[in-house]
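The structure appears right after this line, and notes come after that.
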Amino acid sequence: MTSTLFSISGPVIRGKQLGRKLGYPTANIKPANESLYHPYTGVYAARIDIGPDHYYGMANIGFRPTLSESSFTIEVNIFDFSKDIYGRNITIHFLQRTRDELKFNSLDELVRQMEQDERETRTILSSFLNANSNSQ
Ligand SMILES: Cc1cc2nc3c(=O)[nH]c(=O)nc-3n(C[C@H](O)[C@H](O)[C@H](O)COP(=O)(O)O)c2cc1C
């Protein structure tokens, strides 16, 4: 089993729907308990469980300082995934923290950073999966 720093479950809620326009749609989750502890804010490589299925992606926990209306959010971009999962209960397993959440001067700069995050996260995930392929 892949080692996990922390896991959070909750239903997928509608975000601002901006992620879709940026090319990185995200599932935003409402934690099951409002006062739940969560990992330190930042960007993480993640495993996502939806029912019996496992997926992988990159998650952000924080206040999204680049956006004009910043608010606390836990969200994940699931790689190679395009299903509608609003209302579904999902679990995000935070596997490895990759960076701090940053304030960018423009959405273009944020997207360039997310492209870099995707490359870095896919590399991290492939080494996680290789390391664990004999111990599932
Ligand atoms: C991997 C990842 C990294 C992110 N990094 C940042 C960041 O450094 N700064 C920031 O303001 N928002 C960051 N975000 C949040 C985006 O601003 C947010 O996903 C986008 O605006 C879409 O929001 P929506 O789902 O509410 O439409 C990140 C999101 C993801 C998935």
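Following the order of the structure tokens, first chain is A, next is B, and so on, with residues numbered from 1 inside each chain and ligands from 1 in the order they appear.
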
Write out as a list in words the residues lying within 8 Å of Ala45 (chain A), counting only C-alpha atoms and excluding same-chain residues fewer than 6 positions away. Tyr56, Gly57, Met58, Ala59, Phe94, Leu95, Gln96, Arg97, Thr98, Thr121, Ile124 and Leu125 of chain A

Rows by chain and residue number, chain A within 6 Å of ligand 1, shortest pair, only C-alpha atoms and all ligand atoms, as CSV:
```
residue,atom,partner,partner_atom_place_in_ligand_line,distance
A:Gly15,CA,ligand 1,26 (O),3.6
A:Lys16,CA,ligand 1,26 (O),3.7
A:Gln17,CA,ligand 1,27 (O),3.5
A:Leu18,CA,ligand 1,27 (O),3.4
A:Gly19,CA,ligand 1,22 (C),3.5
A:Thr26,CA,ligand 1,25 (O),4.8
A:Val43,CA,ligand 1,3 (C),5.5
A:Met58,CA,ligand 1,1 (C),4.7
A:Ala59,CA,ligand 1,1 (C),5.0
A:Asn60,CA,ligand 1,30 (C),4.7
A:Arg64,CA,ligand 1,11 (O),3.3
A:Pro65,CA,ligand 1,11 (O),4.1
A:Thr66,CA,ligand 1,11 (O),3.6
A:Leu67,CA,ligand 1,11 (O),5.7
A:Val76,CA,ligand 1,31 (C),5.1
A:Asn77,CA,ligand 1,31 (C),4.9
A:Glu101,CA,ligand 1,8 (O),3.8
A:Leu102,CA,ligand 1,8 (O),3.9
A:Lys103,CA,ligand 1,9 (N),5.2
A:Met114,CA,ligand 1,3 (C),5.7
```

Name the closest residue to Glu75 (chain A) among the candidates A:Asn28, A:Thr123, A:Ser3, A:Ser9; distances are taken between atoms, counting only C-alpha atoms. A:Asn28

Which distance in Å separates CA of Pro11 (chain A) and CA of Glu118 (chain A), to one decimal? 24.0 Å

As a ChimeraX atom specification, please: all residues of chain A that backbone DSSP puts in strand (DSSP E or B). /A:6-13,27-29,42-50,53-62,73-78,89-99

Of the listed residues A:Ile74, A:Leu22, A:Ala27, A:Ile61, that which approaches Ser106 (chain A) most closely, counting only C-alpha atoms: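 Closest candidate: A:Leu22.
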
Which residue of A:Glu109, A:Asp100, A:Glu69, A:Glu115 approaches Tyr44 (chain A) most closely, using only C-alpha atoms: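 When distances to Tyr44 (chain A) are compared using only C-alpha atoms, the smallest one comes from A:Asp100.
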
Can you list, as an mmCIF file with all heavy atoms, in the first residue's frame, all residues belonging to chain A that DSSP tags as alpha helix (DSSP H)?
```cif
data_model
loop_
_atom_site.group_PDB
_atom_site.id
_atom_site.type_symbol
_atom_site.label_atom_id
_atom_site.label_comp_id
_atom_site.auth_asym_id
_atom_site.auth_seq_id
_atom_site.Cartn_x
_atom_site.Cartn_y
_atom_site.Cartn_z
ATOM 1 N N LEU A 18 -13.797 27.694 -12.725
ATOM 2 C CA LEU A 18 -12.750 28.401 -13.459
ATOM 3 C C LEU A 18 -11.693 27.398 -13.925
ATOM 4 O O LEU A 18 -11.104 27.549 -14.991
ATOM 5 C CB LEU A 18 -12.126 29.452 -12.527
ATOM 6 C CG LEU A 18 -10.973 30.267 -13.060
ATOM 7 C CD1 LEU A 18 -11.427 31.141 -14.229
ATOM 8 C CD2 LEU A 18 -10.407 31.159 -11.949
ATOM 9 N N GLY A 19 -11.505 26.351 -13.128
ATOM 10 C CA GLY A 19 -10.476 25.347 -13.430
ATOM 11 C C GLY A 19 -10.634 24.750 -14.810
ATOM 12 O O GLY A 19 -9.661 24.502 -15.521
ATOM 13 N N ARG A 20 -11.876 24.523 -15.198
ATOM 14 C CA ARG A 20 -12.167 23.969 -16.523
ATOM 15 C C ARG A 20 -11.609 24.888 -17.607
ATOM 16 O O ARG A 20 -10.984 24.440 -18.551
ATOM 17 C CB ARG A 20 -13.694 23.884 -16.643
ATOM 18 C CG ARG A 20 -14.225 22.988 -17.687
ATOM 19 C CD ARG A 20 -15.743 23.078 -17.638
ATOM 20 N NE ARG A 20 -16.282 22.668 -16.346
ATOM 21 C CZ ARG A 20 -16.813 21.470 -16.111
ATOM 22 N NH1 ARG A 20 -16.887 20.596 -17.071
ATOM 23 N NH2 ARG A 20 -17.288 21.169 -14.927
ATOM 24 N N LYS A 21 -11.821 26.202 -17.441
ATOM 25 C CA LYS A 21 -11.332 27.186 -18.432
ATOM 26 C C LYS A 21 -9.813 27.236 -18.454
ATOM 27 O O LYS A 21 -9.200 27.482 -19.489
ATOM 28 C CB LYS A 21 -11.860 28.590 -18.103
ATOM 29 C CG LYS A 21 -13.285 28.801 -18.558
ATOM 30 C CD LYS A 21 -13.719 30.255 -18.364
ATOM 31 C CE LYS A 21 -15.156 30.330 -17.918
ATOM 32 N NZ LYS A 21 -15.429 31.239 -16.831
ATOM 33 N N LEU A 22 -9.207 27.003 -17.289
ATOM 34 C CA LEU A 22 -7.744 27.050 -17.209
ATOM 35 C C LEU A 22 -7.109 25.766 -17.764
ATOM 36 O O LEU A 22 -5.903 25.696 -17.906
ATOM 37 C CB LEU A 22 -7.296 27.234 -15.748
ATOM 38 C CG LEU A 22 -7.775 28.493 -15.020
ATOM 39 C CD1 LEU A 22 -7.258 28.498 -13.583
ATOM 40 C CD2 LEU A 22 -7.322 29.757 -15.750
ATOM 41 N N LEU A 107 -3.482 34.753 -14.252
ATOM 42 C CA LEU A 107 -3.929 33.361 -14.378
ATOM 43 C C LEU A 107 -3.013 32.598 -15.337
ATOM 44 O O LEU A 107 -2.791 31.403 -15.168
ATOM 45 C CB LEU A 107 -5.382 33.319 -14.865
ATOM 46 C CG LEU A 107 -6.412 33.799 -13.850
ATOM 47 C CD1 LEU A 107 -7.816 33.786 -14.456
ATOM 48 C CD2 LEU A 107 -6.401 32.940 -12.584
ATOM 49 N N ASP A 108 -2.437 33.314 -16.349
ATOM 50 C CA ASP A 108 -1.480 32.662 -17.264
ATOM 51 C C ASP A 108 -0.292 32.104 -16.500
ATOM 52 O O ASP A 108 0.177 30.999 -16.771
ATOM 53 C CB ASP A 108 -0.947 33.676 -18.291
ATOM 54 C CG ASP A 108 -1.900 33.847 -19.449
ATOM 55 O OD1 ASP A 108 -2.918 33.124 -19.487
ATOM 56 O OD2 ASP A 108 -1.623 34.713 -20.304
ATOM 57 N N GLU A 109 0.201 32.883 -15.556
ATOM 58 C CA GLU A 109 1.348 32.412 -14.762
ATOM 59 C C GLU A 109 0.961 31.213 -13.902
ATOM 60 O O GLU A 109 1.735 30.281 -13.740
ATOM 61 C CB GLU A 109 1.876 33.531 -13.848
ATOM 62 C CG GLU A 109 2.762 34.505 -14.565
ATOM 63 C CD GLU A 109 3.291 35.584 -13.636
ATOM 64 O OE1 GLU A 109 3.570 35.312 -12.450
ATOM 65 O OE2 GLU A 109 3.393 36.732 -14.109
ATOM 66 N N LEU A 110 -0.260 31.253 -13.356
ATOM 67 C CA LEU A 110 -0.742 30.114 -12.552
ATOM 68 C C LEU A 110 -0.811 28.859 -13.431
ATOM 69 O O LEU A 110 -0.369 27.785 -13.024
ATOM 70 C CB LEU A 110 -2.118 30.442 -11.948
ATOM 71 C CG LEU A 110 -2.858 29.286 -11.273
ATOM 72 C CD1 LEU A 110 -2.088 28.734 -10.068
ATOM 73 C CD2 LEU A 110 -4.257 29.716 -10.820
ATOM 74 N N VAL A 111 -1.330 29.013 -14.648
ATOM 75 C CA VAL A 111 -1.453 27.852 -15.541
ATOM 76 C C VAL A 111 -0.070 27.299 -15.882
ATOM 77 O O VAL A 111 0.137 26.077 -15.881
ATOM 78 C CB VAL A 111 -2.239 28.208 -16.826
ATOM 79 C CG1 VAL A 111 -2.175 27.087 -17.838
ATOM 80 C CG2 VAL A 111 -3.685 28.518 -16.480
ATOM 81 N N ARG A 112 0.897 28.184 -16.139
ATOM 82 C CA ARG A 112 2.263 27.686 -16.443
ATOM 83 C C ARG A 112 2.819 26.892 -15.264
ATOM 84 O O ARG A 112 3.459 25.858 -15.435
ATOM 85 C CB ARG A 112 3.193 28.843 -16.817
ATOM 86 C CG ARG A 112 3.058 29.230 -18.288
ATOM 87 C CD ARG A 112 4.269 30.007 -18.773
ATOM 88 N NE ARG A 112 4.351 31.324 -18.151
ATOM 89 C CZ ARG A 112 3.650 32.389 -18.570
ATOM 90 N NH1 ARG A 112 2.840 32.287 -19.611
ATOM 91 N NH2 ARG A 112 3.770 33.545 -17.956
ATOM 92 N N GLN A 113 2.535 27.382 -14.054
ATOM 93 C CA GLN A 113 3.006 26.654 -12.866
ATOM 94 C C GLN A 113 2.292 25.302 -12.751
ATOM 95 O O GLN A 113 2.908 24.285 -12.403
ATOM 96 C CB GLN A 113 2.763 27.490 -11.600
ATOM 97 C CG GLN A 113 3.140 26.787 -10.312
ATOM 98 C CD GLN A 113 4.620 26.438 -10.243
ATOM 99 O OE1 GLN A 113 5.473 27.293 -10.415
ATOM 100 N NE2 GLN A 113 4.937 25.169 -10.000
ATOM 101 N N MET A 114 0.993 25.279 -13.062
ATOM 102 C CA MET A 114 0.248 24.008 -12.968
ATOM 103 C C MET A 114 0.753 22.997 -14.000
ATOM 104 O O MET A 114 0.770 21.796 -13.744
ATOM 105 C CB MET A 114 -1.254 24.251 -13.095
ATOM 106 C CG MET A 114 -1.816 24.923 -11.839
ATOM 107 S SD MET A 114 -3.511 25.474 -12.057
ATOM 108 C CE MET A 114 -4.402 24.057 -11.503
ATOM 109 N N GLU A 115 1.185 23.501 -15.176
ATOM 110 C CA GLU A 115 1.771 22.587 -16.175
ATOM 111 C C GLU A 115 3.045 21.957 -15.615
ATOM 112 O O GLU A 115 3.293 20.758 -15.777
ATOM 113 C CB GLU A 115 2.069 23.347 -17.478
ATOM 114 C CG GLU A 115 0.795 23.694 -18.238
ATOM 115 C CD GLU A 115 0.971 24.740 -19.327
ATOM 116 O OE1 GLU A 115 2.090 25.302 -19.471
ATOM 117 O OE2 GLU A 115 -0.028 25.021 -20.010
ATOM 118 N N GLN A 116 3.833 22.791 -14.944
ATOM 119 C CA GLN A 116 5.054 22.261 -14.318
ATOM 120 C C GLN A 116 4.708 21.305 -13.175
ATOM 121 O O GLN A 116 5.329 20.252 -13.015
ATOM 122 C CB GLN A 116 5.892 23.432 -13.805
ATOM 123 C CG GLN A 116 7.320 23.057 -13.532
ATOM 124 C CD GLN A 116 8.107 24.262 -13.048
ATOM 125 O OE1 GLN A 116 8.008 25.361 -13.621
ATOM 126 N NE2 GLN A 116 8.852 24.082 -11.977
ATOM 127 N N ASP A 117 3.670 21.658 -12.396
ATOM 128 C CA ASP A 117 3.213 20.777 -11.308
ATOM 129 C C ASP A 117 2.818 19.418 -11.873
ATOM 130 O O ASP A 117 3.115 18.382 -11.271
ATOM 131 C CB ASP A 117 1.984 21.360 -10.600
ATOM 132 C CG ASP A 117 2.278 22.614 -9.794
ATOM 133 O OD1 ASP A 117 3.434 22.803 -9.379
ATOM 134 O OD2 ASP A 117 1.338 23.407 -9.581
ATOM 135 N N GLU A 118 2.120 19.446 -13.012
ATOM 136 C CA GLU A 118 1.656 18.171 -13.580
ATOM 137 C C GLU A 118 2.850 17.288 -13.941
ATOM 138 O O GLU A 118 2.872 16.103 -13.615
ATOM 139 C CB GLU A 118 0.767 18.405 -14.808
ATOM 140 C CG GLU A 118 0.308 17.084 -15.391
ATOM 141 C CD GLU A 118 -0.594 17.188 -16.609
ATOM 142 O OE1 GLU A 118 -0.992 18.300 -16.988
ATOM 143 O OE2 GLU A 118 -0.884 16.115 -17.182
ATOM 144 N N ARG A 119 3.865 17.890 -14.607
ATOM 145 C CA ARG A 119 5.042 17.082 -14.993
ATOM 146 C C ARG A 119 5.716 16.500 -13.753
ATOM 147 O O ARG A 119 6.031 15.321 -13.683
ATOM 148 C CB ARG A 119 6.045 17.938 -15.785
ATOM 149 C CG ARG A 119 5.577 18.244 -17.198
ATOM 150 C CD ARG A 119 6.715 18.856 -18.018
ATOM 151 N NE ARG A 119 7.055 20.213 -17.589
ATOM 152 C CZ ARG A 119 6.433 21.322 -18.007
ATOM 153 N NH1 ARG A 119 5.446 21.243 -18.883
ATOM 154 N NH2 ARG A 119 6.806 22.505 -17.573
ATOM 155 N N GLU A 120 5.912 17.360 -12.759
ATOM 156 C CA GLU A 120 6.613 16.938 -11.544
ATOM 157 C C GLU A 120 5.812 15.847 -10.813
ATOM 158 O O GLU A 120 6.350 14.841 -10.359
ATOM 159 C CB GLU A 120 6.814 18.158 -10.637
ATOM 160 C CG GLU A 120 7.653 17.877 -9.422
ATOM 161 C CD GLU A 120 7.761 19.089 -8.484
ATOM 162 O OE1 GLU A 120 7.364 20.217 -8.877
ATOM 163 O OE2 GLU A 120 8.231 18.886 -7.363
ATOM 164 N N THR A 121 4.479 16.069 -10.738
ATOM 165 C CA THR A 121 3.631 15.128 -9.997
ATOM 166 C C THR A 121 3.577 13.775 -10.701
ATOM 167 O O THR A 121 3.627 12.726 -10.042
ATOM 168 C CB THR A 121 2.212 15.714 -9.825
ATOM 169 O OG1 THR A 121 2.324 17.005 -9.246
ATOM 170 C CG2 THR A 121 1.346 14.825 -8.960
ATOM 171 N N ARG A 122 3.496 13.790 -12.034
ATOM 172 C CA ARG A 122 3.474 12.503 -12.753
ATOM 173 C C ARG A 122 4.766 11.724 -12.502
ATOM 174 O O ARG A 122 4.740 10.494 -12.371
ATOM 175 C CB ARG A 122 3.247 12.715 -14.252
ATOM 176 C CG ARG A 122 1.789 13.051 -14.597
ATOM 177 C CD ARG A 122 1.610 13.092 -16.107
ATOM 178 N NE ARG A 122 0.300 13.538 -16.523
ATOM 179 C CZ ARG A 122 -0.768 12.743 -16.686
ATOM 180 N NH1 ARG A 122 -0.683 11.449 -16.438
ATOM 181 N NH2 ARG A 122 -1.921 13.249 -17.079
ATOM 182 N N THR A 123 5.895 12.438 -12.423
ATOM 183 C CA THR A 123 7.174 11.757 -12.141
ATOM 184 C C THR A 123 7.159 11.162 -10.730
ATOM 185 O O THR A 123 7.533 10.008 -10.524
ATOM 186 C CB THR A 123 8.345 12.768 -12.281
ATOM 187 O OG1 THR A 123 8.286 13.328 -13.579
ATOM 188 C CG2 THR A 123 9.689 12.096 -12.057
ATOM 189 N N ILE A 124 6.681 11.951 -9.767
ATOM 190 C CA ILE A 124 6.605 11.464 -8.378
ATOM 191 C C ILE A 124 5.695 10.232 -8.308
ATOM 192 O O ILE A 124 6.049 9.218 -7.708
ATOM 193 C CB ILE A 124 6.073 12.572 -7.444
ATOM 194 C CG1 ILE A 124 7.110 13.674 -7.295
ATOM 195 C CG2 ILE A 124 5.655 12.006 -6.083
ATOM 196 C CD1 ILE A 124 6.578 14.941 -6.626
ATOM 197 N N LEU A 125 4.534 10.333 -8.965
ATOM 198 C CA LEU A 125 3.566 9.232 -8.884
ATOM 199 C C LEU A 125 4.125 7.971 -9.535
ATOM 200 O O LEU A 125 3.920 6.869 -9.014
ATOM 201 C CB LEU A 125 2.252 9.636 -9.552
ATOM 202 C CG LEU A 125 1.442 10.701 -8.794
ATOM 203 C CD1 LEU A 125 0.273 11.176 -9.645
ATOM 204 C CD2 LEU A 125 0.944 10.171 -7.446
ATOM 205 N N SER A 126 4.864 8.125 -10.646
ATOM 206 C CA SER A 126 5.358 6.901 -11.281
ATOM 207 C C SER A 126 6.391 6.235 -10.388
ATOM 208 O O SER A 126 6.438 5.009 -10.308
ATOM 209 C CB SER A 126 5.849 7.137 -12.705
ATOM 210 O OG SER A 126 6.938 7.999 -12.671
ATOM 211 N N SER A 127 7.193 7.013 -9.642
ATOM 212 C CA SER A 127 8.127 6.324 -8.756
ATOM 213 C C SER A 127 7.403 5.715 -7.554
ATOM 214 O O SER A 127 7.769 4.641 -7.086
ATOM 215 C CB SER A 127 9.311 7.198 -8.350
ATOM 216 O OG SER A 127 8.855 8.380 -7.802
ATOM 217 N N PHE A 128 6.319 6.375 -7.076
ATOM 218 C CA PHE A 128 5.501 5.773 -6.008
ATOM 219 C C PHE A 128 4.937 4.439 -6.481
ATOM 220 O O PHE A 128 4.987 3.437 -5.776
ATOM 221 C CB PHE A 128 4.303 6.674 -5.675
ATOM 222 C CG PHE A 128 4.463 7.461 -4.412
ATOM 223 C CD1 PHE A 128 4.892 8.785 -4.459
ATOM 224 C CD2 PHE A 128 4.169 6.902 -3.177
ATOM 225 C CE1 PHE A 128 5.033 9.527 -3.295
ATOM 226 C CE2 PHE A 128 4.309 7.640 -2.013
ATOM 227 C CZ PHE A 128 4.743 8.959 -2.078
ATOM 228 N N LEU A 129 4.391 4.448 -7.700
ATOM 229 C CA LEU A 129 3.724 3.234 -8.191
ATOM 230 C C LEU A 129 4.742 2.128 -8.427
ATOM 231 O O LEU A 129 4.493 0.973 -8.107
ATOM 232 C CB LEU A 129 2.925 3.539 -9.458
ATOM 233 C CG LEU A 129 1.726 4.463 -9.200
ATOM 234 C CD1 LEU A 129 1.036 4.851 -10.487
ATOM 235 C CD2 LEU A 129 0.721 3.796 -8.250
ATOM 236 N N ASN A 130 5.932 2.498 -8.960
ATOM 237 C CA ASN A 130 6.963 1.466 -9.162
ATOM 238 C C ASN A 130 7.402 0.878 -7.836
ATOM 239 O O ASN A 130 7.546 -0.330 -7.694
ATOM 240 C CB ASN A 130 8.193 2.054 -9.876
ATOM 241 C CG ASN A 130 7.904 2.294 -11.340
ATOM 242 O OD1 ASN A 130 7.020 1.637 -11.901
ATOM 243 N ND2 ASN A 130 8.616 3.222 -11.942
ATOM 244 N N ALA A 131 7.591 1.759 -6.836
ATOM 245 C CA ALA A 131 8.067 1.289 -5.529
ATOM 246 C C ALA A 131 7.051 0.383 -4.861
ATOM 247 O O ALA A 131 7.409 -0.452 -4.037
ATOM 248 C CB ALA A 131 8.366 2.491 -4.637
ATOM 249 N N ASN A 132 5.755 0.584 -5.220
ATOM 250 C CA ASN A 132 4.720 -0.179 -4.534
ATOM 251 C C ASN A 132 4.141 -1.317 -5.374
ATOM 252 O O ASN A 132 3.268 -2.032 -4.902
ATOM 253 C CB ASN A 132 3.583 0.757 -4.124
ATOM 254 C CG ASN A 132 4.010 1.625 -2.956
ATOM 255 O OD1 ASN A 132 4.021 1.167 -1.820
ATOM 256 N ND2 ASN A 132 4.407 2.843 -3.240
#
```

Across A:Ile50, A:Lys30, A:Thr41, A:Asn105, the smallest distance to Ile85 (chain A), with only C-alpha atoms counted, is shown by A:Ile50

What does the distance from CA of Asp49 (chain A) to CA of Asn89 (chain A) come to in Å, to one decimal?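 Rounded to one decimal, the two atoms are 8.9 Å apart.
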
Which residues are near Tyr37 (chain A)? Cut-off 10 Å, only C-alpha atoms, ignore same chain within fewer than 5 positions. Put them as a PyMOL selection string. chain A and resi 6+8+31
